[in-house]
Amino acid sequence: MVAEDRRSRASATPPPSSTADVPRVLLVDPYVARDDPMERKFVELYPSLGILSLAAYLREAGQRVEVVDLTFERGVRPVERRVRSFRPHVVGVHTKSLTHERSIEIAGLVREQGAVPIAGGPDAATRPEVYLDGGFEAVANGEGEATLVDVAERVVQGRPLAGTAGLIVGPPGSRSVGPPRPFLRPLDRLPMPAWDLIDMEGYLGRWQRRTGERRMAVLTSRGCPFDCSWCSKPTFGRSFRQLSPERVLRELLLLKQRYRVDYVRFCDDVFGIQRAWLEMLLDGMEAARLDVGFECLARVDLLKPDLLKRMRSLGLARVYVGVESGSQKMLDLMNRGTRLAQVERAAQSLRDNGIRQFWFLMLGYPGETVEDIDATLRLFRKFSPEEYSVSIAVPVPGTRFYDSVREYLKVGGRPRRANQGGKSLLYEGSYPESLYHWAQARFEWEAALSKVRGKIAPRILSGLSDAADRLDRTLVGPILLGPRSPPARATRSIRPASGPTDRPSTGA
Ligand code: B12
Ligand code: SF4
């Protein structure tokens with residue numbers, strides 16, 4: 001498709017229809033699990049909570065909604081078929097960078113069928129121009145529920161989309177950015193997710209075969225008030241809203257009764273930010289004898305030993321922890337807001353309570369030296385988390401980290417393939433990429449050793465660990481570093497100009 005052609009399509013006003021028409025909206029999740037090389041190793045399959053919420057909200061607003069979830073499919077054919085049978089006015093596509101190309105393909109086929117393609121979700125909100133130039137009529141750049149209701153009504157009534165709150169419309173040159181869409185408050189106004197519109201059994205059955213548990217994802221809040229320098233939050237920014245504990249409990253009970261869900265992943269950016277709120281939810285779970293296992297992502301500063309003990313007794317099985325680095329200097333440079341002592345206390349307490357821990361670690365952040373990497377490795381060795389991911393820092397547009405390395409970005413500044421995030425050094429950092437690959441291998445070695453702990457003599461174990469250190473010091477380190485002097489580039493501090501302002505009480 002030539003650029004001219006694309007431009008004229010993107011600026012077209014959707015054709016008017018009868019005002020008596022009830023809007024028909026098709027929502028699409030373009031993620032195809034079999035095309036995601038990370039899926040088997042790392043990604044756990046859950047439906048998009050964004051799509052489920054949008055669908056429920058539109059339906060409650062009186063619109064007709066269907067969903068095509070490509071997760072278990074092979075390609076876009078099911079979208080084509082559904083567009084033919086349902087004849088939607090609007091097709092809303094949920095975007096992630098991984099699924100960018102498929103989203104563009106879907107926009108094309110939707111247009112051929114005469115429907116209006118609208119993009120939303122993290123990738124489109126981060127780089128709307130890519131989606132507008134790729135054939136989408138408009139991009140929702142924030143919370144989508146009220147925006148999409150508005151869009152579908154306007155399309156059916158033949159009114160222009162330009163000026164819609166929360167929406168970016170039009171070709172370069174005459175692009176219209178609507179005013180910001182206010183966040184929905186209180187969040188309890190949201191209806192229950194539209195589980196009936198997707199193949200719940202596809203997800204639950206798969207989990208059951210794999211783990212014996214019927215697992216589902218649940219959200220208790222939107223947004224995060226913290227301000228880590230590398231974190232991209234295109235949709236909710238630093239806003240933070242929670243459902244009431246009663247509403248969350250109702251959702252958990254429904255999942256249990258309707259779908260026999262017996263394990264839940266709380267997908268909040270940070271679970272249990274407010275201690276009093278969390279205690280109320282735990283009280284409710286206890287009183288209702290919920291008996292559902294669960295896991296969540298939390299910050300080390302929130303994981304207090306007494307709280308963990310209680311959560312364990314109510315079914316907490318695993319916690320994802322953003323440890324990031326074993327160097328306080330690096331945590332400060334990342335504006336993480338956590339102390340190493342808190343990391344150690346949380347890790348110890350998780351271990352004491354028999355809760356699995358999944359650590360997120362990051363290498364290659366500006367300012368990091370080999371000594372900092374060693375500190376992270378020592379911390380890792382000390383606590384041997386059951387699971388971990390150690391990635392090379394990815395500068396995401398819109399973050400302070402990105403701004404600080406912008407002038408050092410390698411060509412394109414994006415992974416060679418979308419799923420390579422975390423495996424390549426995307427900017428000219430302090431050290432060559434091979435050093436980070438070696439560091440990643442050292443973490444793998446330590447993890448392998450921790451798996452045989454107890455099975456072989458401690459003396460042999462520490463000998464194997466020391467051998468890797470010696471190899472690092474005497475041979476590999478100097479070779480990988482070459483004649484370079486310690487970090488010179490992209491190391492300037494990237495703390496925020498002013499400190500965080502809207503943190504809620506953490507109960508700390
Ligand atoms: C929970 C979660 C998961 C879960 C569930 C995934 C799923 N099926 O959606 C799991 C762990 C399985 C997961 C996996 C992956 N995830 Co994930 N995940 C998240 C997380 C923490 C929350 C997502 C969520 O539920 N948000 C709450 C809902 C309500 O918000 P929402 O989805 O953004 O939708 C709202 C708006 O965006 C908008 N909207 C969304 N779609 C549309 C469409 C239209 C038409 C409109 C108008 C509006 C609209 O309206 C919605 C309601 O207000 C986010 C971080 C974040 N805070 O967003 C990362 C995040 C979305 N994941 C990310 C990634 C990269 C992945 C993986 C690709 C990882 C991989 N393979 O390496 C996989 C993809 C798997 C998949 N099925 O898509 C990235 C995406 C980055 C990007 N720019 O693409 C994020 C942003 C994390 C990050 N900062 O890097 N993930
Ligand atoms: S705590 Fe997590 S979600 Fe919040 S800013 Fe930091 S990395 Fe982002």
# chains A, B, ... in the order shown; residues from 1 in each chain; ligands from 1
$ residues_around --residues "stretch 57-65 of chain A" --least-positions-apart "4" --cutoff "6 Å" --atoms "only C-alpha atoms" --output "ChimeraX atom specification"
/A:22-26,149
$ closest_residue --among "A:Thr235, A:Ser327, A:Gln157, A:Gln113" --to "ligand 1" --atoms "only C-alpha atoms and all ligand atoms"
A:Thr235
$ select_by_dssp --residues "stretch 256-445 of chain A" --states "strand (DSSP E or B)" --output "PyMOL selection string"
chain A and resi 263-266+293-298+316-324+356-363+387-392+409+427
$ closest_residue --among "A:Leu148, A:Ser48, A:Lys233, A:Tyr31" --to "A:Thr399" --atoms "only C-alpha atoms"
A:Lys233
$ residues_near_ligand --ligand "ligand 2" --cutoff "6 Å" --atoms "only C-alpha atoms and all ligand atoms" --output "mmCIF file with C-alpha atoms, in the first residue's frame"
data_model
loop_
_atom_site.group_PDB
_atom_site.id
_atom_site.type_symbol
_atom_site.label_atom_id
_atom_site.label_comp_id
_atom_site.auth_asym_id
_atom_site.auth_seq_id
_atom_site.Cartn_x
_atom_site.Cartn_y
_atom_site.Cartn_z
ATOM 1 C CA CYS A 224 1.127 2.316 39.879
ATOM 2 C CA PHE A 226 5.868 4.538 41.988
ATOM 3 C CA ASP A 227 8.295 6.019 39.552
ATOM 4 C CA CYS A 228 11.066 3.642 38.458
ATOM 5 C CA CYS A 231 9.144 1.791 33.588
ATOM 6 C CA ASP A 269 1.481 -3.845 38.503
#
$ residues_around --residues "stretch 333-341 of chain A" --least-positions-apart "3" --cutoff "6 Å" --atoms "only C-alpha atoms" --output "list in words"
Cys228, Ser229, Met330, Glu344 and Arg495 of chain A
$ write_last_selection --atoms "C-alpha atoms" --output "mmCIF file, in the first residue's frame"
data_model
loop_
_atom_site.group_PDB
_atom_site.id
_atom_site.type_symbol
_atom_site.label_atom_id
_atom_site.label_comp_id
_atom_site.auth_asym_id
_atom_site.auth_seq_id
_atom_site.Cartn_x
_atom_site.Cartn_y
_atom_site.Cartn_z
ATOM 1 C CA CYS A 228 11.066 3.642 38.458
ATOM 2 C CA SER A 229 13.112 5.380 35.755
ATOM 3 C CA MET A 330 21.958 0.929 41.026
ATOM 4 C CA GLU A 344 17.107 -9.373 51.940
ATOM 5 C CA ARG A 495 16.615 10.455 38.836
#
$ atom_distance --atom1 "atom CA of A:Met285" --atom2 "atom CA of A:Leu249"
6.9 Å
$ residues_around --residues "stretch 174-180 of chain A" --least-positions-apart "3" --cutoff "7 Å" --atoms "only C-alpha atoms" --output "list in words"
Ala162, Gly163, Thr164, Ala165, Gly166, Leu167, Ile168, Val169, Gly170 and Pro171 of chain A
$ write_last_selection --atoms "N, CA and C atoms" --output "PDB file, in the first residue's frame"
ATOM      1  N   ALA A 162     -12.734  12.819  15.140  1.00  0.00           N
ATOM      2  CA  ALA A 162     -11.805  13.851  15.619  1.00  0.00           C
ATOM      3  C   ALA A 162     -12.419  14.588  16.803  1.00  0.00           C
ATOM      4  N   GLY A 163     -11.621  14.801  17.829  1.00  0.00           N
ATOM      5  CA  GLY A 163     -12.090  15.530  19.000  1.00  0.00           C
ATOM      6  C   GLY A 163     -12.593  14.617  20.104  1.00  0.00           C
ATOM      7  N   THR A 164     -12.710  13.312  19.826  1.00  0.00           N
ATOM      8  CA  THR A 164     -13.167  12.383  20.873  1.00  0.00           C
ATOM      9  C   THR A 164     -12.123  12.339  21.986  1.00  0.00           C
ATOM     10  N   ALA A 165     -12.573  12.427  23.217  1.00  0.00           N
ATOM     11  CA  ALA A 165     -11.630  12.379  24.345  1.00  0.00           C
ATOM     12  C   ALA A 165     -10.903  11.039  24.363  1.00  0.00           C
ATOM     13  N   GLY A 166      -9.594  11.071  24.580  1.00  0.00           N
ATOM     14  CA  GLY A 166      -8.804   9.844  24.682  1.00  0.00           C
ATOM     15  C   GLY A 166      -8.493   9.209  23.343  1.00  0.00           C
ATOM     16  N   LEU A 167      -8.669   9.962  22.239  1.00  0.00           N
ATOM     17  CA  LEU A 167      -8.497   9.356  20.913  1.00  0.00           C
ATOM     18  C   LEU A 167      -7.588  10.209  20.023  1.00  0.00           C
ATOM     19  N   ILE A 168      -6.710   9.524  19.285  1.00  0.00           N
ATOM     20  CA  ILE A 168      -5.874  10.210  18.299  1.00  0.00           C
ATOM     21  C   ILE A 168      -6.345   9.755  16.924  1.00  0.00           C
ATOM     22  N   VAL A 169      -6.629  10.695  16.057  1.00  0.00           N
ATOM     23  CA  VAL A 169      -7.223  10.378  14.755  1.00  0.00           C
ATOM     24  C   VAL A 169      -6.437  11.069  13.644  1.00  0.00           C
ATOM     25  N   GLY A 170      -6.385  10.422  12.488  1.00  0.00           N
ATOM     26  CA  GLY A 170      -5.978  11.145  11.291  1.00  0.00           C
ATOM     27  C   GLY A 170      -4.545  10.983  10.849  1.00  0.00           C
ATOM     28  N   PRO A 171      -4.276  11.413   9.598  1.00  0.00           N
ATOM     29  CA  PRO A 171      -2.949  11.260   9.001  1.00  0.00           C
ATOM     30  C   PRO A 171      -1.974  12.328   9.506  1.00  0.00           C
TER      31      PRO A 171
END
$ atom_distance --atom1 "atom 20 (C, counted along the ligand's line) of ligand 1" --atom2 "atom CA of A:Arg74"
23.5 Å
$ select_by_dssp --residues "stretch 83-252 of chain A" --states "alpha helix (DSSP H)" --output "JSON, numbers by chain"
{"A": [83, 84, 85, 86, 100, 101, 102, 103, 104, 105, 106, 107, 108, 109, 110, 111, 112, 122, 123, 124, 125, 126, 128, 129, 130, 131, 132, 133, 145, 146, 147, 148, 149, 150, 151, 152, 153, 154, 155, 156, 157, 200, 201, 202, 203, 204, 205, 206, 207, 208, 209, 210, 211, 245, 246, 247, 248, 249, 250, 251, 252]}
$ closest_residue --among "A:Glu145, A:Glu112, A:Asp188, A:Asp21" --to "ligand 1" --atoms "only C-alpha atoms and all ligand atoms"
A:Glu145
$ residues_around --residues "A:Ala439" --least-positions-apart "4" --cutoff "10 Å" --atoms "only C-alpha atoms" --output "ChimeraX atom specification"
/A:363,370,373-374,377,390,392,433-435,443-445,472,477
$ write_last_selection --atoms "N, CA and C atoms" --output "short mmCIF file (atom, residue, chain, number, x, y, z; two decimals), in the first residue's frame"
data_model
loop_
_atom_site.label_atom_id
_atom_site.label_comp_id
_atom_site.auth_asym_id
_atom_site.auth_seq_id
_atom_site.Cartn_x
_atom_site.Cartn_y
_atom_site.Cartn_z
N LEU A 363 20.32 -6.15 33.92
CA LEU A 363 21.74 -5.85 33.70
C LEU A 363 21.88 -4.71 32.70
N VAL A 370 31.11 -3.66 36.52
CA VAL A 370 31.19 -5.11 36.75
C VAL A 370 31.08 -5.42 38.24
N ILE A 373 27.49 -5.76 39.00
CA ILE A 373 26.97 -7.06 38.51
C ILE A 373 27.37 -8.16 39.49
N ASP A 374 28.61 -8.08 39.99
CA ASP A 374 29.05 -9.08 40.97
C ASP A 374 28.19 -9.02 42.23
N LEU A 377 25.05 -10.80 41.58
CA LEU A 377 25.27 -12.25 41.56
C LEU A 377 25.42 -12.80 42.98
N VAL A 390 16.72 -12.71 34.06
CA VAL A 390 17.75 -11.69 34.10
C VAL A 390 17.89 -11.11 32.69
N ILE A 392 18.71 -7.80 29.84
CA ILE A 392 19.50 -6.60 29.59
C ILE A 392 18.49 -5.44 29.46
N GLU A 433 28.12 -5.90 24.48
CA GLU A 433 26.97 -6.79 24.74
C GLU A 433 27.42 -8.16 25.25
N SER A 434 28.60 -8.64 24.72
CA SER A 434 29.05 -9.98 25.09
C SER A 434 29.28 -10.09 26.61
N LEU A 435 29.64 -8.97 27.25
CA LEU A 435 29.83 -9.05 28.70
C LEU A 435 28.52 -9.40 29.40
N PHE A 443 24.56 -16.32 35.79
CA PHE A 443 23.34 -16.50 36.60
C PHE A 443 22.76 -17.89 36.35
N GLU A 444 22.81 -18.30 35.08
CA GLU A 444 22.27 -19.63 34.77
C GLU A 444 23.08 -20.71 35.49
N TRP A 445 24.38 -20.51 35.52
CA TRP A 445 25.27 -21.46 36.19
C TRP A 445 24.92 -21.53 37.68
N ASP A 472 35.97 -15.84 35.62
CA ASP A 472 35.54 -14.47 35.37
C ASP A 472 36.70 -13.49 35.59
N GLY A 477 36.62 -11.90 32.10
CA GLY A 477 36.37 -10.47 32.36
C GLY A 477 37.27 -9.58 31.53
#
$ closest_residue --among "A:Trp230, A:Phe236, A:Trp359, A:Tyr436" --to "A:Asn141" --atoms "only C-alpha atoms"
A:Phe236
$ residues_around --residues "A:Asp372" --least-positions-apart "5" --cutoff "12 Å" --atoms "only C-alpha atoms" --output "VMD selection string"
chain A and resid 324 to 331 362 to 367 377 to 379 439 487
$ closest_residue --among "A:Trp438, A:Tyr320, A:Phe266, A:Tyr402" --to "A:Pro385" --atoms "only C-alpha atoms"
A:Tyr320
$ residues_around --residues "A:Leu27" --least-positions-apart "3" --cutoff "8 Å" --atoms "only C-alpha atoms" --output "PyMOL selection string"
chain A and resi 51+55+65-68+91-94
$ atom_distance --atom1 "atom CA of A:Val343" --atom2 "atom CA of A:Val323"
6.7 Å
$ closest_residue --among "A:Thr369, A:Ser391, A:Gln348, A:Asn353" --to "ligand 1" --atoms "only C-alpha atoms and all ligand atoms"
A:Ser391
$ decode --residues "stretch 181-251 of chain A" --atoms "C-alpha atoms" --output "short mmCIF file (atom, residue, chain, number, x, y, z; two decimals), in the first residue's frame"
data_model
loop_
_atom_site.label_atom_id
_atom_site.label_comp_id
_atom_site.auth_asym_id
_atom_site.auth_seq_id
_atom_site.Cartn_x
_atom_site.Cartn_y
_atom_site.Cartn_z
CA ARG A 181 -10.22 11.03 28.86
CA PRO A 182 -10.83 11.23 32.63
CA PHE A 183 -10.20 7.96 34.47
CA LEU A 184 -13.22 5.92 35.54
CA ARG A 185 -13.93 6.42 39.22
CA PRO A 186 -14.70 4.52 41.34
CA LEU A 187 -13.35 1.40 39.67
CA ASP A 188 -16.21 -0.62 41.18
CA ARG A 189 -18.38 0.86 38.42
CA LEU A 190 -16.75 -1.62 36.04
CA PRO A 191 -18.85 -4.71 35.38
CA MET A 192 -17.41 -8.19 35.88
CA PRO A 193 -15.08 -9.22 33.03
CA ALA A 194 -16.95 -10.73 30.04
CA TRP A 195 -15.57 -14.25 30.57
CA ASP A 196 -18.48 -15.72 28.61
CA LEU A 197 -17.22 -14.14 25.37
CA ILE A 198 -13.93 -16.06 25.27
CA ASP A 199 -12.87 -19.68 25.41
CA MET A 200 -12.36 -19.86 29.19
CA GLU A 201 -12.13 -23.63 29.08
CA GLY A 202 -9.26 -23.34 26.56
CA TYR A 203 -7.20 -21.49 29.19
CA LEU A 204 -8.42 -23.37 32.26
CA GLY A 205 -8.14 -26.82 30.68
CA ARG A 206 -4.62 -26.08 29.55
CA TRP A 207 -3.61 -25.04 33.07
CA GLN A 208 -5.32 -28.05 34.55
CA ARG A 209 -3.39 -30.42 32.30
CA ARG A 210 -0.13 -28.66 33.10
CA THR A 211 -0.43 -28.03 36.83
CA GLY A 212 -3.58 -29.74 38.05
CA GLU A 213 -4.97 -26.29 38.86
CA ARG A 214 -7.55 -24.22 37.02
CA ARG A 215 -5.82 -20.86 36.94
CA MET A 216 -7.15 -17.45 35.97
CA ALA A 217 -5.94 -13.84 36.06
CA VAL A 218 -7.58 -11.14 38.17
CA LEU A 219 -6.89 -7.42 38.54
CA THR A 220 -7.57 -5.53 41.74
CA SER A 221 -6.18 -2.14 40.71
CA ARG A 222 -5.12 0.03 37.80
CA GLY A 223 -1.87 1.94 37.62
CA CYS A 224 1.13 2.32 39.88
CA PRO A 225 2.16 5.38 41.88
CA PHE A 226 5.87 4.54 41.99
CA ASP A 227 8.30 6.02 39.55
CA CYS A 228 11.07 3.64 38.46
CA SER A 229 13.11 5.38 35.76
CA TRP A 230 12.82 2.59 33.19
CA CYS A 231 9.14 1.79 33.59
CA SER A 232 6.77 2.61 30.75
CA LYS A 233 3.19 3.25 31.82
CA PRO A 234 1.51 4.56 28.69
CA THR A 235 -2.06 3.73 29.69
CA PHE A 236 -2.50 4.62 33.32
CA GLY A 237 0.60 6.76 34.01
CA ARG A 238 1.24 7.22 37.71
CA SER A 239 -2.44 7.18 38.59
CA PHE A 240 -3.58 4.51 41.02
CA ARG A 241 -7.11 3.23 41.64
CA GLN A 242 -8.32 0.09 43.34
CA LEU A 243 -11.46 -1.99 43.28
CA SER A 244 -12.98 -2.36 46.74
CA PRO A 245 -11.98 -5.54 48.59
CA GLU A 246 -15.67 -6.60 48.51
CA ARG A 247 -15.81 -6.29 44.72
CA VAL A 248 -12.58 -8.32 44.33
CA LEU A 249 -13.96 -10.99 46.61
CA ARG A 250 -17.16 -11.20 44.55
CA GLU A 251 -15.08 -11.70 41.42
#
